[in-house]
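Heads up: the structure comes next, in structure tokens.
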Amino acid sequence: MFEKDTDKLFEELKIQPDVENFLAQNENEFKTPLYEYLMKLLQDKNLRKSDIVKKINPDDKHIYHIFSGKAKPSREKLLAIARAMELNLDETQYLLRYGGFAILYPRDTWDAVIISAIENNLSIVETDVILEQLKQPLLNSKS
């Protein structure tokens, strides 16, 4: 996606006295908005927005707003999108970082369930059953 890795960019930034010059020289190295990245994921994985919405909640118009850039997702909603897209753990962790959220942490009960769901390719419904049994907030909550 980018020409330079993060370490290279970091090293260049440390020695560049003029941040504006650094930004101008590296404008293609900065991430696109989250919704554009989500659209790229859809395209790369040959998925349709409508199929993702159906897997999460067909009545949730907020998801369409996330994909169009009109709304910022919560961490939980972004994870629901990741599950609906069937992203693996590395892809999910990257998506969380890309969206500005903390990655999944195995010492957190809720996060551990999500990690397990990803590794075992569980659906959102199957994941929510486990979360409910453990008295944890659901992945597919209406919030």
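In the structure tokens, chains take letters A, B, ... by order of appearance, with residues numbered from 1 within each chain and ligands from 1 in the order shown.
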Please identify all polymer residues within 7 Å of range 104-119 of chain A, counting only C-alpha atoms, omitting same-chain residues fewer than 4 positions from it, and present them as a ChimeraX atom specification. /A:88-89,93,127,136
Mind listing the alpha helix (DSSP H) residues of chain A, per DSSP on the backbone, as number ranges by chain? A: 6-15, 19-25, 34-44, 49-56, 61-68, 75-84, 89-98, 109-119, 124-133
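Minimum atom-to-atom distance to Lys55 in chain A, evaluated using only C-alpha atoms, belongs to A:Glu126 out of A:Asp5, A:Glu27, A:Glu11, A:Glu126.
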Near Ser74 in chain A, counting only C-alpha atoms, which residues have an atom at most 12 Å away, once you skip same-chain residues fewer than 3 positions from it, shown as a list in words? His62, Ile63, Ile66, Ala71, Lys77, Leu78, Leu79, Ala80, Ile81, Leu96, Gly99, Gly100, Phe101, Ala102, Leu139, Asn140, Ser141, Lys142 and Ser143 of chain A
Convert the current residue selection to file output with all heavy atoms, as a tab-separated table (two decimals), in the first residue's frame.
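And here is the file that came out, again.tsv:
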```
chain	number	residue	atom	x	y	z
A	62	HIS	N	-26.24	2.92	10.07
A	62	HIS	CA	-24.97	3.51	10.49
A	62	HIS	C	-23.79	2.87	9.75
A	62	HIS	O	-22.80	3.54	9.44
A	62	HIS	CB	-24.82	3.35	12.01
A	62	HIS	CG	-23.59	3.99	12.58
A	62	HIS	ND1	-23.38	5.35	12.57
A	62	HIS	CD2	-22.49	3.44	13.15
A	62	HIS	CE1	-22.21	5.61	13.12
A	62	HIS	NE2	-21.65	4.47	13.49
A	63	ILE	N	-23.90	1.59	9.45
A	63	ILE	CA	-22.81	0.90	8.76
A	63	ILE	C	-22.61	1.49	7.36
A	63	ILE	O	-21.48	1.69	6.92
A	63	ILE	CB	-23.06	-0.62	8.70
A	63	ILE	CG1	-23.15	-1.17	10.13
A	63	ILE	CG2	-21.96	-1.33	7.92
A	63	ILE	CD1	-23.71	-2.55	10.23
A	66	ILE	N	-20.68	4.58	7.73
A	66	ILE	CA	-19.25	4.31	7.95
A	66	ILE	C	-18.55	4.07	6.61
A	66	ILE	O	-17.50	4.64	6.35
A	66	ILE	CB	-19.07	3.10	8.90
A	66	ILE	CG1	-19.56	3.44	10.30
A	66	ILE	CG2	-17.60	2.64	8.92
A	66	ILE	CD1	-19.72	2.26	11.23
A	71	ALA	N	-19.73	8.73	8.87
A	71	ALA	CA	-19.71	8.42	10.30
A	71	ALA	C	-18.43	7.69	10.64
A	71	ALA	O	-17.89	6.95	9.82
A	71	ALA	CB	-20.92	7.57	10.68
A	77	LYS	N	-17.92	-1.57	16.50
A	77	LYS	CA	-18.54	-1.62	15.18
A	77	LYS	C	-17.50	-1.97	14.12
A	77	LYS	O	-17.78	-2.73	13.19
A	77	LYS	CB	-19.21	-0.28	14.85
A	77	LYS	CG	-20.12	-0.30	13.66
A	77	LYS	CD	-21.33	-1.20	13.85
A	77	LYS	CE	-22.33	-0.55	14.76
A	77	LYS	NZ	-23.56	-1.33	14.89
A	78	LEU	N	-16.29	-1.44	14.27
A	78	LEU	CA	-15.23	-1.77	13.33
A	78	LEU	C	-14.87	-3.26	13.42
A	78	LEU	O	-14.64	-3.92	12.40
A	78	LEU	CB	-14.00	-0.90	13.58
A	78	LEU	CG	-12.95	-0.88	12.48
A	78	LEU	CD1	-13.54	-0.45	11.14
A	78	LEU	CD2	-11.81	0.06	12.86
A	79	LEU	N	-14.90	-3.80	14.62
A	79	LEU	CA	-14.65	-5.23	14.78
A	79	LEU	C	-15.78	-6.06	14.19
A	79	LEU	O	-15.54	-7.13	13.62
A	79	LEU	CB	-14.43	-5.57	16.26
A	79	LEU	CG	-13.05	-5.19	16.78
A	79	LEU	CD1	-13.02	-5.21	18.30
A	79	LEU	CD2	-11.99	-6.11	16.21
A	80	ALA	N	-17.01	-5.59	14.30
A	80	ALA	CA	-18.13	-6.29	13.67
A	80	ALA	C	-17.95	-6.30	12.15
A	80	ALA	O	-18.18	-7.32	11.49
A	80	ALA	CB	-19.46	-5.63	14.05
A	81	ILE	N	-17.51	-5.18	11.60
A	81	ILE	CA	-17.25	-5.11	10.16
A	81	ILE	C	-16.12	-6.09	9.79
A	81	ILE	O	-16.23	-6.82	8.80
A	81	ILE	CB	-16.91	-3.66	9.73
A	81	ILE	CG1	-18.15	-2.78	9.83
A	81	ILE	CG2	-16.33	-3.63	8.32
A	81	ILE	CD1	-17.90	-1.29	9.68
A	96	LEU	N	-7.83	-2.12	13.02
A	96	LEU	CA	-8.01	-1.38	14.28
A	96	LEU	C	-7.01	-0.23	14.38
A	96	LEU	O	-7.39	0.90	14.69
A	96	LEU	CB	-7.88	-2.31	15.48
A	96	LEU	CG	-9.04	-3.24	15.74
A	96	LEU	CD1	-8.69	-4.28	16.80
A	96	LEU	CD2	-10.28	-2.45	16.16
A	99	GLY	N	-7.86	2.51	12.02
A	99	GLY	CA	-9.00	3.30	12.49
A	99	GLY	C	-8.70	4.11	13.73
A	99	GLY	O	-9.55	4.86	14.21
A	100	GLY	N	-7.49	3.97	14.28
A	100	GLY	CA	-7.11	4.76	15.44
A	100	GLY	C	-7.50	4.11	16.77
A	100	GLY	O	-7.58	4.79	17.79
A	101	PHE	N	-7.72	2.81	16.76
A	101	PHE	CA	-8.15	2.10	17.97
A	101	PHE	C	-7.05	1.18	18.47
A	101	PHE	O	-6.15	0.79	17.73
A	101	PHE	CB	-9.40	1.27	17.68
A	101	PHE	CG	-10.59	2.09	17.30
A	101	PHE	CD1	-11.01	2.15	15.98
A	101	PHE	CD2	-11.27	2.83	18.25
A	101	PHE	CE1	-12.11	2.92	15.61
A	101	PHE	CE2	-12.37	3.60	17.90
A	101	PHE	CZ	-12.78	3.65	16.58
A	102	ALA	N	-7.19	0.79	19.74
A	102	ALA	CA	-6.27	-0.18	20.33
A	102	ALA	C	-6.47	-1.54	19.66
A	102	ALA	O	-7.60	-1.92	19.33
A	102	ALA	CB	-6.53	-0.29	21.83
A	139	LEU	N	-20.92	-8.09	20.45
A	139	LEU	CA	-20.24	-7.49	19.30
A	139	LEU	C	-21.25	-6.75	18.44
A	139	LEU	O	-20.99	-5.68	17.93
A	139	LEU	CB	-19.52	-8.58	18.48
A	139	LEU	CG	-18.75	-8.14	17.26
A	139	LEU	CD1	-17.66	-7.15	17.63
A	139	LEU	CD2	-18.14	-9.34	16.57
A	140	ASN	N	-22.42	-7.34	18.29
A	140	ASN	CA	-23.44	-6.76	17.43
A	140	ASN	C	-24.49	-6.01	18.25
A	140	ASN	O	-25.68	-6.19	18.07
A	140	ASN	CB	-24.11	-7.84	16.58
A	140	ASN	CG	-24.95	-7.25	15.48
A	140	ASN	OD1	-24.78	-6.10	15.11
A	140	ASN	ND2	-25.87	-8.01	14.97
A	141	SER	N	-24.02	-5.18	19.17
A	141	SER	CA	-24.97	-4.37	19.92
A	141	SER	C	-25.46	-3.23	19.03
A	141	SER	O	-24.84	-2.89	18.05
A	141	SER	CB	-24.32	-3.83	21.18
A	141	SER	OG	-23.29	-2.93	20.86
A	142	LYS	N	-26.54	-2.65	19.40
A	142	LYS	CA	-27.12	-1.57	18.59
A	142	LYS	C	-26.41	-0.25	18.80
A	142	LYS	O	-26.70	0.71	18.15
A	142	LYS	CB	-28.61	-1.42	18.93
A	142	LYS	CG	-29.39	-2.68	18.61
A	142	LYS	CD	-30.49	-2.38	17.68
A	142	LYS	CE	-31.31	-3.64	17.47
A	142	LYS	NZ	-31.78	-3.80	16.17
A	143	SER	N	-25.47	-0.18	19.75
A	143	SER	CA	-24.79	1.09	20.02
A	143	SER	C	-23.77	1.43	18.97
A	143	SER	O	-23.33	0.66	18.22
A	143	SER	CB	-24.11	1.03	21.38
A	143	SER	OG	-23.16	-0.01	21.42
```
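Here CA of Leu41 in chain A and CA of Arg97 in chain A stand 14.8 Å from one another.
In this comparison, which uses only C-alpha atoms, the residue of A:Met85, A:Thr32, A:Pro137, A:Asp128 approaching Asp44 in chain A most closely is A:Met85.
Using only C-alpha atoms, the smallest distance between any of A:Tyr35, A:Asn121, A:Leu47, A:Ile130 and Lys72 in chain A comes from A:Tyr35.
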Non-local contacts of Thr6 in chain A (12 Å; only C-alpha atoms; under 4 positions in same chain excluded) as a list in words: Met1, Phe2, Phe10, Glu11, Glu12, Leu13, Asn26, Glu29, Phe30 and Lys31 of chain A
Output N, CA and C atoms of each residue in that selection to a file, as an mmCIF file, in the first residue's frame.
```cif
data_model
loop_
_atom_site.group_PDB
_atom_site.id
_atom_site.type_symbol
_atom_site.label_atom_id
_atom_site.label_comp_id
_atom_site.auth_asym_id
_atom_site.auth_seq_id
_atom_site.Cartn_x
_atom_site.Cartn_y
_atom_site.Cartn_z
ATOM 1 N N MET A 1 0.818 -1.194 0.000
ATOM 2 C CA MET A 1 0.000 0.000 0.000
ATOM 3 C C MET A 1 0.870 1.270 0.000
ATOM 4 N N PHE A 2 1.979 1.216 0.756
ATOM 5 C CA PHE A 2 2.893 2.350 0.817
ATOM 6 C C PHE A 2 4.246 1.935 0.243
ATOM 7 N N PHE A 10 9.955 7.033 9.696
ATOM 8 C CA PHE A 10 10.321 7.568 11.002
ATOM 9 C C PHE A 10 11.750 8.113 10.997
ATOM 10 N N GLU A 11 12.669 7.369 10.408
ATOM 11 C CA GLU A 11 14.061 7.818 10.338
ATOM 12 C C GLU A 11 14.183 9.109 9.536
ATOM 13 N N GLU A 12 13.471 9.206 8.438
ATOM 14 C CA GLU A 12 13.501 10.432 7.630
ATOM 15 C C GLU A 12 12.947 11.617 8.415
ATOM 16 N N LEU A 13 11.898 11.377 9.149
ATOM 17 C CA LEU A 13 11.269 12.446 9.929
ATOM 18 C C LEU A 13 12.208 12.950 11.030
ATOM 19 N N ASN A 26 6.555 13.365 1.219
ATOM 20 C CA ASN A 26 6.006 12.046 1.526
ATOM 21 C C ASN A 26 4.487 11.999 1.508
ATOM 22 N N GLU A 29 2.655 8.788 1.321
ATOM 23 C CA GLU A 29 2.934 7.807 2.368
ATOM 24 C C GLU A 29 1.942 7.864 3.525
ATOM 25 N N PHE A 30 1.004 8.787 3.462
ATOM 26 C CA PHE A 30 0.054 8.924 4.556
ATOM 27 C C PHE A 30 -1.239 8.194 4.222
ATOM 28 N N LYS A 31 -1.821 7.638 5.253
ATOM 29 C CA LYS A 31 -3.000 6.792 5.046
ATOM 30 C C LYS A 31 -4.189 7.591 4.531
#
```
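Counting only C-alpha atoms, the residue from A:Val19, A:Asn28, A:Leu38, A:Leu9 that sits nearest to Tyr98 in chain A is A:Leu38.
Across the structure, CA of Gly69 in chain A and CA of Arg48 in chain A are spaced 16.2 Å apart.
The coordinates place CA of Ile124 in chain A at 16.7 Å from CA of Glu91 in chain A.
Nearest to Glu86 in chain A of all the residues A:Asp59, A:Glu132, A:Asp51, A:Glu3 is A:Asp51, based on only C-alpha atoms.
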